[in-house]
Amino acid sequence: MASGNSRDDVSGIDDGLYSRQRYVLGDSAMHRMARSSVFLHTVNGLGVEIAKNLILAGVKSVTIDDATPCSVTDLGSQFYVRPEDIGKPRDSACLPRLAELNPYVDVRCSHSNLTINNLFILSGYTCVVVCNSSLSLQRAVDSFCRKNSIHLVCASVYGLAGSIFVDLGDEFLVSDADGEEIEPKFISSIDNQGVVTTHADGLHGLDTGDVITFREVVTSLNGKQFTVNVLTPSTFKVDAPLPMPEYTAGGVFIKVKQPIKISFTSLDNQLINPEILIGDLLNPDAPINVHVGFLALDRYTELHGELPSSSGELDEFLALCESANSSLTRPTQLDSGLLRSLAVTSSGFLQPLGACLGGFVAQEVLKSLTGKFSPLRQLFYSEFLCLAPPEVSLPASPDRYSDLRRCVGQQTLDQLHSVNSFMVGCGAIGCELLKNFAHIGLSTVGRLTITDNDIIEKSNLNRQFLFRSQHIRHPKSSTAATVAKQINPELNVSAHQHRVGPETEVVVYPDAFYADLDVVVNALDNVEARRYVDSRCVTNQRALLDSGTIGTKGHVQTVVPFLTESYGSQHDPSTDLAIPYCTLKSFPSTVTHTIEWARDKFESAFVLKPTSFNKLWTSYNWSTSGLLSALSSNQPTPDGLSDSIKLLSRRPADLVGCVKLARIKFEKYFTHKALNLLHCFPLDCAVADGTPFWTLPRRPPTPIRFDPELPDHLAFVASLARLWADVYGLRGAPFDKPAILAALEGFPVPEFEPSGKSVVTDEAATAPVEEEEDLFDVRLNLEGIESPSVKPLFPVDFEKDDDSNGHIDFITAASNLRASMYGIEPADRLQTKRIAGRIVPAIATTTACVAGLVTIELIKLAKRSLSEDDIGRYRNTFINLALPIVISSEPGAVPRQECVPGIEYTMWDRWDFGVSPSLTLQEFMKLIVARVGRPNLEVTSVIHGVKMVFMDFMPAHAARKKKQLKSLIKLASNQNYADLQVTMDTDDGAGDDINCPPIRVFFN
């Protein structure tokens, strides 16, 4: 391994680099990858994508093999080939740039040029990948690999279609088929016949034959594995000796994933008896047709030494298709139109298809190395032949766009060059998209604007492949733009560092900005921001391409004005934990609850309270006398006064004081809290119906006695003392064990006294408002404090990826101590970091796949002006590379609403009115009634944003009718229009409210 990079001492994995990927694959798979070597034959536009993804993932070594001289057409798909590389072998040309991706991976050239005659060079590799090669070579390699227990993945892209083939041998063991995290489930009862009933709040979710294990039940059952026979959705029977031990109460069960053995057949067999994964639900017959077409393309190339390139060669090609079809075990009905398009575009290369399949193939390779996730069984075909032009005319000399021109035609290429586009976000998806945009020449004549207000961190380097270690702490957008222009200097890109939101809506990204755009592309990682951008696209009637990933899952949504629904039409499931207050405060039942409790303590103690402290004392010039004077004059009590006085009165003078303060907090959180709960609710306490109060999921706490010899105890005090020192601005020696023990020697902690406060048990209740201390007590405390001791505090910004700051150390120790107090299985530091840091698991393979699909949809959007638009040409796609599944479907059509009989509208429609600035509200209402054409209707409400301009049920609003509409709206000085929502009703008020389309009023 390369030197100069730090790896985690326990796992041997560089968490700073691989943290997001570790949550997808797990450490066991990461270690297996780090011991595996991959041989990759052909590094064209598809091969370089596969190599990039494997190197980012962190395999031991990647050997690339491609002696083909670089040509000018490689510039359109091979992102590590530059004009000065033309004529050099492709592997040698791209090797230095590939090697830069990951210092832990050994990247080398084979210098052997794989052929049928030198297959022995593959010996010793864990997996071999063969791209865009003849079937004769693929068959020979497959035979060699099967004999030598080497895994094989083959992939090809010909024009607008691509293929993947996987052969992992006669017996392959899958350790985890789906990668889904399994949560423990609570038990209500277990009878003596082994019938288990789940807790009333949930179903067991098991299938007959699944294996489970028990925890927290009885000693003779805990930890053992049992096979399940499902009885009902909430009951199952375990295969265990009878009679079962007597069950008292409590306990959980958890499903245990079992290894699965899978058998693969040879390529020779799959060519005539193909097992094909179907992806496009609207075109299920296309894959088998492409399979036949690829067999015919191989035979045609064998006969002529080249692929078919003109319509004059189609008759021979179609005859070869008939012959190939007859060789299948189950011949299919051939689609001559599809096959013709396949043939005439086959000598091209659709770069975003290569990007998509490059992600898919790389994930299949990782499966072969690790046994993590379900491999492809065994063929997959993807085609976008709807992009094929009516006819292809190529320039006399090739250029960087020749392969794309062959696929989509000159007119579509011109449209792509002229597009004005806006990409929001330059993270993982954004980097992949920008690379794709450079290859297809997007906005080389038009303008591409990108924005991201974030900077580059080390953890980004594992997925955001445009960045290198020297870019850390640099802006993402400008760095990505600079690197993308190295791929294609013609790219006309403008990089911003603005956040897209209400704060930039008026000046930076107003409606006039959107008016000049053809398409907006979301590359964002949070739902709120995506909904905002979507709303701006709907308001301004602009196309949007939205995408997202989480682990091996990804989606692409195409939003076309007046044709499809928008991103906001459907609601993604909330990622908020929404833990009830009483659960977080007093009754945790899972380790997620304890982690969130510790994260909440961090935010309160080190962020919110110090910030409030500084705000309060700033307003009184850091003077106790100033605050005392304000309190004596009966002014309103300042917010956060009580907490500020506590922070001031317990301010430690040195690091020893920080240690003592941390020790007191240990006693409060893990001893006194438990004693107080048991004081309020003794172990034999029962609720009104006689049910024991302490019944799962409610767990009784056990007080913890401080023991500095226990790692979590010491870690809590050390990390908390460190954070207090940061907040109070104290510096000194590190908090090691001897220093902590010396500081605590003979230090007394407060004895327990019942708090007297009521304990919230209602899950629907919210946090109670804290009562401020009596002002007399506050004044008494203040009078003993000298103003010079009132100094600013230093709030701590939570940073999950800096292991040196102690943030995750504190949350891990605090969470695990609380878990121990409640008898909950603790979490390791990695899991704690993911939950506390709201980290979304991510891997480069999914990102590449999704970005390729987005770019293909963008090409479809560019064709809109060349032919009549049709919703059937677009696709929304969901992928899960772990299974794997690819589901493409037609976007949802935009819903239509009826305003009044004869007048329908969609979310994309808008009524525009140009009016005089002196127009009154009454006159505006008449314009609306006239537009609807129903004299008996009356306007009942006019809304501007969140402001009620007019509501007919509010008597005071009647007087507003005579006022100027513009004065009621109060536009910003640089705005000359307003977007309004208007409802109407019949003049007798007997009907339902009638919603008008969105209305935009221009004040001319």
# chains A, B, ... in the order shown; residues from 1 in each chain; ligands from 1
$ residues_around --residues "His199 of chain A" --least-positions-apart "2" --cutoff "10 Å" --atoms "only C-alpha atoms" --output "ChimeraX atom specification"
/A:185-189,196-197,201-204,234-235,250,252,696-697
$ residues_around --residues "Leu95 of chain A" --least-positions-apart "3" --cutoff "9 Å" --atoms "only C-alpha atoms" --output "list of chain:residue names"
A:Ile64, A:Tyr80, A:Arg90, A:Asp91, A:Ser92, A:Leu98, A:Ala99, A:Glu100, A:Val107, A:Arg108, A:Cys109
$ write_last_selection --atoms "all heavy atoms" --output "PDB file, in the first residue's frame"
ATOM      1  N   ILE A  64      -4.547  -2.682 -16.248  1.00  0.00           N
ATOM      2  CA  ILE A  64      -5.273  -2.327 -17.473  1.00  0.00           C
ATOM      3  C   ILE A  64      -4.486  -2.811 -18.682  1.00  0.00           C
ATOM      4  O   ILE A  64      -3.253  -2.825 -18.685  1.00  0.00           O
ATOM      5  CB  ILE A  64      -5.544  -0.813 -17.555  1.00  0.00           C
ATOM      6  CG1 ILE A  64      -4.248  -0.003 -17.407  1.00  0.00           C
ATOM      7  CG2 ILE A  64      -6.543  -0.396 -16.493  1.00  0.00           C
ATOM      8  CD1 ILE A  64      -4.440   1.498 -17.572  1.00  0.00           C
ATOM      9  N   TYR A  80      -9.706  10.273 -19.598  1.00  0.00           N
ATOM     10  CA  TYR A  80      -8.299  10.399 -19.236  1.00  0.00           C
ATOM     11  C   TYR A  80      -7.369  10.364 -20.446  1.00  0.00           C
ATOM     12  O   TYR A  80      -6.167  10.113 -20.319  1.00  0.00           O
ATOM     13  CB  TYR A  80      -7.909   9.324 -18.218  1.00  0.00           C
ATOM     14  CG  TYR A  80      -8.438   9.602 -16.836  1.00  0.00           C
ATOM     15  CD1 TYR A  80      -8.743   8.576 -15.959  1.00  0.00           C
ATOM     16  CD2 TYR A  80      -8.644  10.918 -16.397  1.00  0.00           C
ATOM     17  CE1 TYR A  80      -9.231   8.829 -14.677  1.00  0.00           C
ATOM     18  CE2 TYR A  80      -9.134  11.186 -15.127  1.00  0.00           C
ATOM     19  CZ  TYR A  80      -9.430  10.137 -14.269  1.00  0.00           C
ATOM     20  OH  TYR A  80      -9.906  10.414 -13.019  1.00  0.00           O
ATOM     21  N   ARG A  90      -3.630   3.241 -25.415  1.00  0.00           N
ATOM     22  CA  ARG A  90      -4.648   3.781 -24.503  1.00  0.00           C
ATOM     23  C   ARG A  90      -4.311   3.512 -23.044  1.00  0.00           C
ATOM     24  O   ARG A  90      -4.521   4.367 -22.177  1.00  0.00           O
ATOM     25  CB  ARG A  90      -6.034   3.213 -24.835  1.00  0.00           C
ATOM     26  CG  ARG A  90      -6.816   4.097 -25.776  1.00  0.00           C
ATOM     27  CD  ARG A  90      -8.318   3.851 -25.727  1.00  0.00           C
ATOM     28  NE  ARG A  90      -8.700   2.519 -26.109  1.00  0.00           N
ATOM     29  CZ  ARG A  90      -9.643   2.226 -27.025  1.00  0.00           C
ATOM     30  NH1 ARG A  90     -10.256   3.200 -27.679  1.00  0.00           N
ATOM     31  NH2 ARG A  90      -9.951   0.978 -27.282  1.00  0.00           N
ATOM     32  N   ASP A  91      -3.811   2.298 -22.737  1.00  0.00           N
ATOM     33  CA  ASP A  91      -3.524   1.998 -21.332  1.00  0.00           C
ATOM     34  C   ASP A  91      -2.413   2.888 -20.782  1.00  0.00           C
ATOM     35  O   ASP A  91      -2.504   3.423 -19.681  1.00  0.00           O
ATOM     36  CB  ASP A  91      -3.217   0.508 -21.128  1.00  0.00           C
ATOM     37  CG  ASP A  91      -2.148  -0.038 -22.052  1.00  0.00           C
ATOM     38  OD1 ASP A  91      -1.492   0.763 -22.767  1.00  0.00           O
ATOM     39  OD2 ASP A  91      -1.957  -1.270 -22.062  1.00  0.00           O
ATOM     40  N   SER A  92      -1.355   3.097 -21.551  1.00  0.00           N
ATOM     41  CA  SER A  92      -0.252   3.948 -21.096  1.00  0.00           C
ATOM     42  C   SER A  92      -0.692   5.402 -20.957  1.00  0.00           C
ATOM     43  O   SER A  92      -0.235   6.109 -20.055  1.00  0.00           O
ATOM     44  CB  SER A  92       0.926   3.861 -22.073  1.00  0.00           C
ATOM     45  OG  SER A  92       1.409   2.540 -22.172  1.00  0.00           O
ATOM     46  N   LEU A  98      -5.379   7.604 -13.863  1.00  0.00           N
ATOM     47  CA  LEU A  98      -6.083   6.591 -13.077  1.00  0.00           C
ATOM     48  C   LEU A  98      -5.375   6.355 -11.743  1.00  0.00           C
ATOM     49  O   LEU A  98      -6.013   6.208 -10.694  1.00  0.00           O
ATOM     50  CB  LEU A  98      -6.175   5.274 -13.853  1.00  0.00           C
ATOM     51  CG  LEU A  98      -7.219   5.179 -14.956  1.00  0.00           C
ATOM     52  CD1 LEU A  98      -7.045   3.887 -15.755  1.00  0.00           C
ATOM     53  CD2 LEU A  98      -8.642   5.255 -14.383  1.00  0.00           C
ATOM     54  N   ALA A  99      -4.041   6.321 -11.768  1.00  0.00           N
ATOM     55  CA  ALA A  99      -3.278   6.041 -10.551  1.00  0.00           C
ATOM     56  C   ALA A  99      -3.459   7.140  -9.508  1.00  0.00           C
ATOM     57  O   ALA A  99      -3.303   6.898  -8.312  1.00  0.00           O
ATOM     58  CB  ALA A  99      -1.802   5.885 -10.895  1.00  0.00           C
ATOM     59  N   GLU A 100      -3.785   8.357  -9.937  1.00  0.00           N
ATOM     60  CA  GLU A 100      -3.991   9.467  -9.006  1.00  0.00           C
ATOM     61  C   GLU A 100      -5.260   9.320  -8.176  1.00  0.00           C
ATOM     62  O   GLU A 100      -5.403   9.971  -7.143  1.00  0.00           O
ATOM     63  CB  GLU A 100      -4.077  10.795  -9.774  1.00  0.00           C
ATOM     64  CG  GLU A 100      -2.776  11.281 -10.370  1.00  0.00           C
ATOM     65  CD  GLU A 100      -2.978  12.578 -11.139  1.00  0.00           C
ATOM     66  OE1 GLU A 100      -4.156  12.921 -11.399  1.00  0.00           O
ATOM     67  OE2 GLU A 100      -1.986  13.239 -11.467  1.00  0.00           O
ATOM     68  N   VAL A 107      -2.100   0.562  -9.556  1.00  0.00           N
ATOM     69  CA  VAL A 107      -2.620   0.594 -10.923  1.00  0.00           C
ATOM     70  C   VAL A 107      -1.433   0.441 -11.871  1.00  0.00           C
ATOM     71  O   VAL A 107      -0.445   1.164 -11.772  1.00  0.00           O
ATOM     72  CB  VAL A 107      -3.375   1.912 -11.211  1.00  0.00           C
ATOM     73  CG1 VAL A 107      -4.032   1.843 -12.589  1.00  0.00           C
ATOM     74  CG2 VAL A 107      -4.418   2.184 -10.135  1.00  0.00           C
ATOM     75  N   ARG A 108      -1.555  -0.496 -12.799  1.00  0.00           N
ATOM     76  CA  ARG A 108      -0.429  -0.766 -13.697  1.00  0.00           C
ATOM     77  C   ARG A 108      -0.935  -1.188 -15.073  1.00  0.00           C
ATOM     78  O   ARG A 108      -2.111  -1.546 -15.236  1.00  0.00           O
ATOM     79  CB  ARG A 108       0.456  -1.871 -13.120  1.00  0.00           C
ATOM     80  CG  ARG A 108      -0.267  -3.205 -12.979  1.00  0.00           C
ATOM     81  CD  ARG A 108       0.589  -4.278 -12.309  1.00  0.00           C
ATOM     82  NE  ARG A 108       0.847  -3.966 -10.900  1.00  0.00           N
ATOM     83  CZ  ARG A 108       1.487  -4.784 -10.084  1.00  0.00           C
ATOM     84  NH1 ARG A 108       1.921  -5.952 -10.532  1.00  0.00           N
ATOM     85  NH2 ARG A 108       1.661  -4.468  -8.823  1.00  0.00           N
ATOM     86  N   CYS A 109      -0.063  -1.150 -16.050  1.00  0.00           N
ATOM     87  CA  CYS A 109      -0.360  -1.662 -17.397  1.00  0.00           C
ATOM     88  C   CYS A 109       0.172  -3.087 -17.523  1.00  0.00           C
ATOM     89  O   CYS A 109       1.200  -3.433 -16.942  1.00  0.00           O
ATOM     90  CB  CYS A 109       0.299  -0.784 -18.460  1.00  0.00           C
ATOM     91  SG  CYS A 109      -0.372   0.882 -18.597  1.00  0.00           S
TER      92      CYS A 109
END
$ residues_around --residues "segment 519-533 of chain A" --least-positions-apart "4" --cutoff "7 Å" --atoms "only C-alpha atoms" --output "number ranges by chain"
A: 420-426, 429-430, 501, 537, 542-548, 567-568
$ write_last_selection --atoms "all heavy atoms" --output "compact mmCIF listing (two decimals), in the first residue's frame"
# COMPACT_ATOMS: atom_id res chain seq x y z
N ASN A 420 -28.70 26.11 -22.87
CA ASN A 420 -28.37 26.87 -21.66
C ASN A 420 -28.84 26.05 -20.47
O ASN A 420 -30.03 25.76 -20.35
CB ASN A 420 -29.05 28.24 -21.66
CG ASN A 420 -28.44 29.19 -22.67
OD1 ASN A 420 -27.23 29.16 -22.90
ND2 ASN A 420 -29.26 30.02 -23.28
N SER A 421 -27.92 25.66 -19.60
CA SER A 421 -28.25 24.72 -18.54
C SER A 421 -27.75 25.23 -17.20
O SER A 421 -26.84 26.06 -17.12
CB SER A 421 -27.65 23.34 -18.84
OG SER A 421 -26.27 23.46 -19.16
N PHE A 422 -28.33 24.67 -16.14
CA PHE A 422 -28.01 25.06 -14.77
C PHE A 422 -27.94 23.79 -13.93
O PHE A 422 -28.93 23.06 -13.83
CB PHE A 422 -29.08 26.01 -14.24
CG PHE A 422 -28.85 26.52 -12.84
CD1 PHE A 422 -27.57 26.80 -12.37
CD2 PHE A 422 -29.92 26.75 -11.99
CE1 PHE A 422 -27.37 27.29 -11.09
CE2 PHE A 422 -29.73 27.24 -10.71
CZ PHE A 422 -28.45 27.51 -10.25
N MET A 423 -26.77 23.50 -13.38
CA MET A 423 -26.62 22.33 -12.52
C MET A 423 -26.42 22.79 -11.08
O MET A 423 -25.51 23.56 -10.78
CB MET A 423 -25.43 21.47 -12.95
CG MET A 423 -25.31 20.16 -12.16
SD MET A 423 -23.96 19.11 -12.72
CE MET A 423 -22.56 19.91 -11.92
N VAL A 424 -27.27 22.30 -10.18
CA VAL A 424 -27.22 22.68 -8.77
C VAL A 424 -26.57 21.55 -7.98
O VAL A 424 -27.15 20.47 -7.85
CB VAL A 424 -28.62 22.99 -8.23
CG1 VAL A 424 -28.53 23.58 -6.83
CG2 VAL A 424 -29.37 23.94 -9.16
N GLY A 425 -25.38 21.79 -7.47
CA GLY A 425 -24.66 20.78 -6.71
C GLY A 425 -23.49 20.22 -7.49
O GLY A 425 -23.64 19.83 -8.66
N CYS A 426 -22.32 20.20 -6.87
CA CYS A 426 -21.11 19.68 -7.53
C CYS A 426 -20.45 18.62 -6.66
O CYS A 426 -19.22 18.57 -6.53
CB CYS A 426 -20.13 20.81 -7.82
SG CYS A 426 -20.78 22.07 -8.94
N ILE A 429 -22.69 13.16 -7.57
CA ILE A 429 -23.45 13.12 -8.83
C ILE A 429 -23.02 14.27 -9.72
O ILE A 429 -22.88 14.11 -10.94
CB ILE A 429 -24.97 13.17 -8.54
CG1 ILE A 429 -25.41 11.90 -7.82
CG2 ILE A 429 -25.76 13.35 -9.83
CD1 ILE A 429 -26.88 11.88 -7.46
N GLY A 430 -22.79 15.44 -9.14
CA GLY A 430 -22.40 16.60 -9.93
C GLY A 430 -21.10 16.39 -10.68
O GLY A 430 -20.97 16.78 -11.85
N GLY A 501 -31.65 29.00 -2.98
CA GLY A 501 -32.73 29.04 -1.98
C GLY A 501 -33.37 30.40 -1.96
O GLY A 501 -33.03 31.29 -2.76
N CYS A 537 -38.58 25.64 -11.00
CA CYS A 537 -38.73 25.18 -12.37
C CYS A 537 -40.20 25.20 -12.80
O CYS A 537 -40.52 25.56 -13.94
CB CYS A 537 -38.14 23.78 -12.53
SG CYS A 537 -36.34 23.75 -12.45
N ARG A 542 -39.72 25.39 -16.67
CA ARG A 542 -38.46 24.89 -17.19
C ARG A 542 -38.31 23.41 -16.87
O ARG A 542 -38.73 22.94 -15.81
CB ARG A 542 -37.28 25.66 -16.58
CG ARG A 542 -37.17 27.10 -17.09
CD ARG A 542 -36.90 27.10 -18.59
NE ARG A 542 -36.88 28.43 -19.18
CZ ARG A 542 -37.91 29.02 -19.79
NH1 ARG A 542 -39.08 28.38 -19.87
NH2 ARG A 542 -37.77 30.21 -20.32
N ALA A 543 -37.69 22.67 -17.78
CA ALA A 543 -37.48 21.24 -17.59
C ALA A 543 -36.48 21.01 -16.45
O ALA A 543 -35.56 21.81 -16.24
CB ALA A 543 -36.96 20.60 -18.88
N LEU A 544 -36.67 19.90 -15.75
CA LEU A 544 -35.81 19.55 -14.62
C LEU A 544 -35.46 18.07 -14.69
O LEU A 544 -36.31 17.23 -14.96
CB LEU A 544 -36.53 19.84 -13.29
CG LEU A 544 -35.85 19.33 -12.01
CD1 LEU A 544 -34.56 20.10 -11.73
CD2 LEU A 544 -36.80 19.43 -10.82
N LEU A 545 -34.20 17.77 -14.43
CA LEU A 545 -33.75 16.39 -14.26
C LEU A 545 -33.30 16.23 -12.82
O LEU A 545 -32.36 16.89 -12.38
CB LEU A 545 -32.61 16.07 -15.22
CG LEU A 545 -33.00 16.06 -16.70
CD1 LEU A 545 -31.77 16.00 -17.59
CD2 LEU A 545 -33.93 14.89 -17.00
N ASP A 546 -33.99 15.37 -12.09
CA ASP A 546 -33.68 15.17 -10.69
C ASP A 546 -33.14 13.75 -10.48
O ASP A 546 -33.57 12.81 -11.15
CB ASP A 546 -34.93 15.36 -9.82
CG ASP A 546 -34.61 15.27 -8.34
OD1 ASP A 546 -34.19 16.28 -7.77
OD2 ASP A 546 -34.75 14.17 -7.78
N SER A 547 -32.21 13.63 -9.56
CA SER A 547 -31.65 12.31 -9.28
C SER A 547 -31.14 12.28 -7.85
O SER A 547 -30.93 13.32 -7.22
CB SER A 547 -30.52 11.98 -10.25
OG SER A 547 -29.46 12.92 -10.12
N GLY A 548 -30.94 11.08 -7.35
CA GLY A 548 -30.40 10.92 -6.01
C GLY A 548 -29.95 9.49 -5.80
O GLY A 548 -30.36 8.58 -6.52
N TYR A 567 -41.24 16.96 -9.53
CA TYR A 567 -40.65 16.24 -8.39
C TYR A 567 -41.52 16.40 -7.15
O TYR A 567 -41.71 15.45 -6.38
CB TYR A 567 -39.24 16.78 -8.12
CG TYR A 567 -38.60 16.22 -6.86
CD1 TYR A 567 -38.05 14.94 -6.85
CD2 TYR A 567 -38.56 16.96 -5.69
CE1 TYR A 567 -37.46 14.43 -5.69
CE2 TYR A 567 -37.98 16.45 -4.53
CZ TYR A 567 -37.44 15.19 -4.54
OH TYR A 567 -36.88 14.68 -3.39
N GLY A 568 -42.06 17.59 -6.94
CA GLY A 568 -42.88 17.85 -5.76
C GLY A 568 -44.24 17.20 -5.80
O GLY A 568 -44.96 17.23 -4.80
$ closest_residue --among "A:Gly902, A:Gly293, A:Pro610, A:Pro841" --to "Ala324 of chain A" --atoms "only C-alpha atoms"
A:Gly293
$ select_by_dssp --residues "segment 69-162 of chain A" --states "helix (DSSP H, G or I)" --output "number ranges by chain"
A: 72-76, 83-85, 90-99, 116-122, 135-147
$ decode --residues "segment 672-685 of chain A" --atoms "N, CA, C and O atoms" --output "short mmCIF file (atom, residue, chain, number, x, y, z; two decimals), in the first residue's frame"
data_model
loop_
_atom_site.label_atom_id
_atom_site.label_comp_id
_atom_site.auth_asym_id
_atom_site.auth_seq_id
_atom_site.Cartn_x
_atom_site.Cartn_y
_atom_site.Cartn_z
N HIS A 672 -27.80 9.49 38.62
CA HIS A 672 -28.96 10.19 39.19
C HIS A 672 -30.20 10.05 38.30
O HIS A 672 -31.32 9.93 38.81
N LYS A 673 -30.01 10.09 36.97
CA LYS A 673 -31.15 9.95 36.06
C LYS A 673 -31.85 8.61 36.27
O LYS A 673 -33.09 8.55 36.36
N ALA A 674 -31.07 7.54 36.37
CA ALA A 674 -31.66 6.21 36.58
C ALA A 674 -32.34 6.14 37.94
O ALA A 674 -33.46 5.61 38.07
N LEU A 675 -31.68 6.65 38.96
CA LEU A 675 -32.27 6.61 40.31
C LEU A 675 -33.56 7.42 40.36
O LEU A 675 -34.53 7.01 41.03
N ASN A 676 -33.60 8.52 39.67
CA ASN A 676 -34.81 9.35 39.68
C ASN A 676 -35.97 8.66 38.97
O ASN A 676 -37.11 8.71 39.44
N LEU A 677 -35.69 8.01 37.84
CA LEU A 677 -36.74 7.29 37.13
C LEU A 677 -37.29 6.15 37.98
O LEU A 677 -38.51 5.93 38.04
N LEU A 678 -36.40 5.43 38.64
CA LEU A 678 -36.85 4.33 39.50
C LEU A 678 -37.56 4.83 40.75
O LEU A 678 -38.40 4.14 41.31
N HIS A 679 -37.22 6.03 41.16
CA HIS A 679 -37.95 6.66 42.27
C HIS A 679 -39.39 6.99 41.83
O HIS A 679 -40.35 6.77 42.58
N CYS A 680 -39.52 7.51 40.61
CA CYS A 680 -40.85 7.86 40.09
C CYS A 680 -41.65 6.61 39.68
O CYS A 680 -42.87 6.57 39.87
N PHE A 681 -40.95 5.64 39.12
CA PHE A 681 -41.61 4.44 38.61
C PHE A 681 -40.82 3.21 39.09
O PHE A 681 -39.95 2.70 38.37
N PRO A 682 -41.10 2.73 40.30
CA PRO A 682 -40.40 1.54 40.81
C PRO A 682 -40.58 0.34 39.88
O PRO A 682 -41.49 0.31 39.05
N LEU A 683 -39.71 -0.64 40.02
CA LEU A 683 -39.74 -1.79 39.13
C LEU A 683 -41.07 -2.53 39.15
O LEU A 683 -41.45 -3.18 38.18
N ASP A 684 -41.80 -2.46 40.28
CA ASP A 684 -43.09 -3.14 40.36
C ASP A 684 -44.25 -2.22 40.05
O ASP A 684 -45.41 -2.55 40.29
N CYS A 685 -43.95 -1.04 39.50
CA CYS A 685 -45.00 -0.07 39.17
C CYS A 685 -45.89 -0.61 38.05
O CYS A 685 -45.43 -1.29 37.13
#
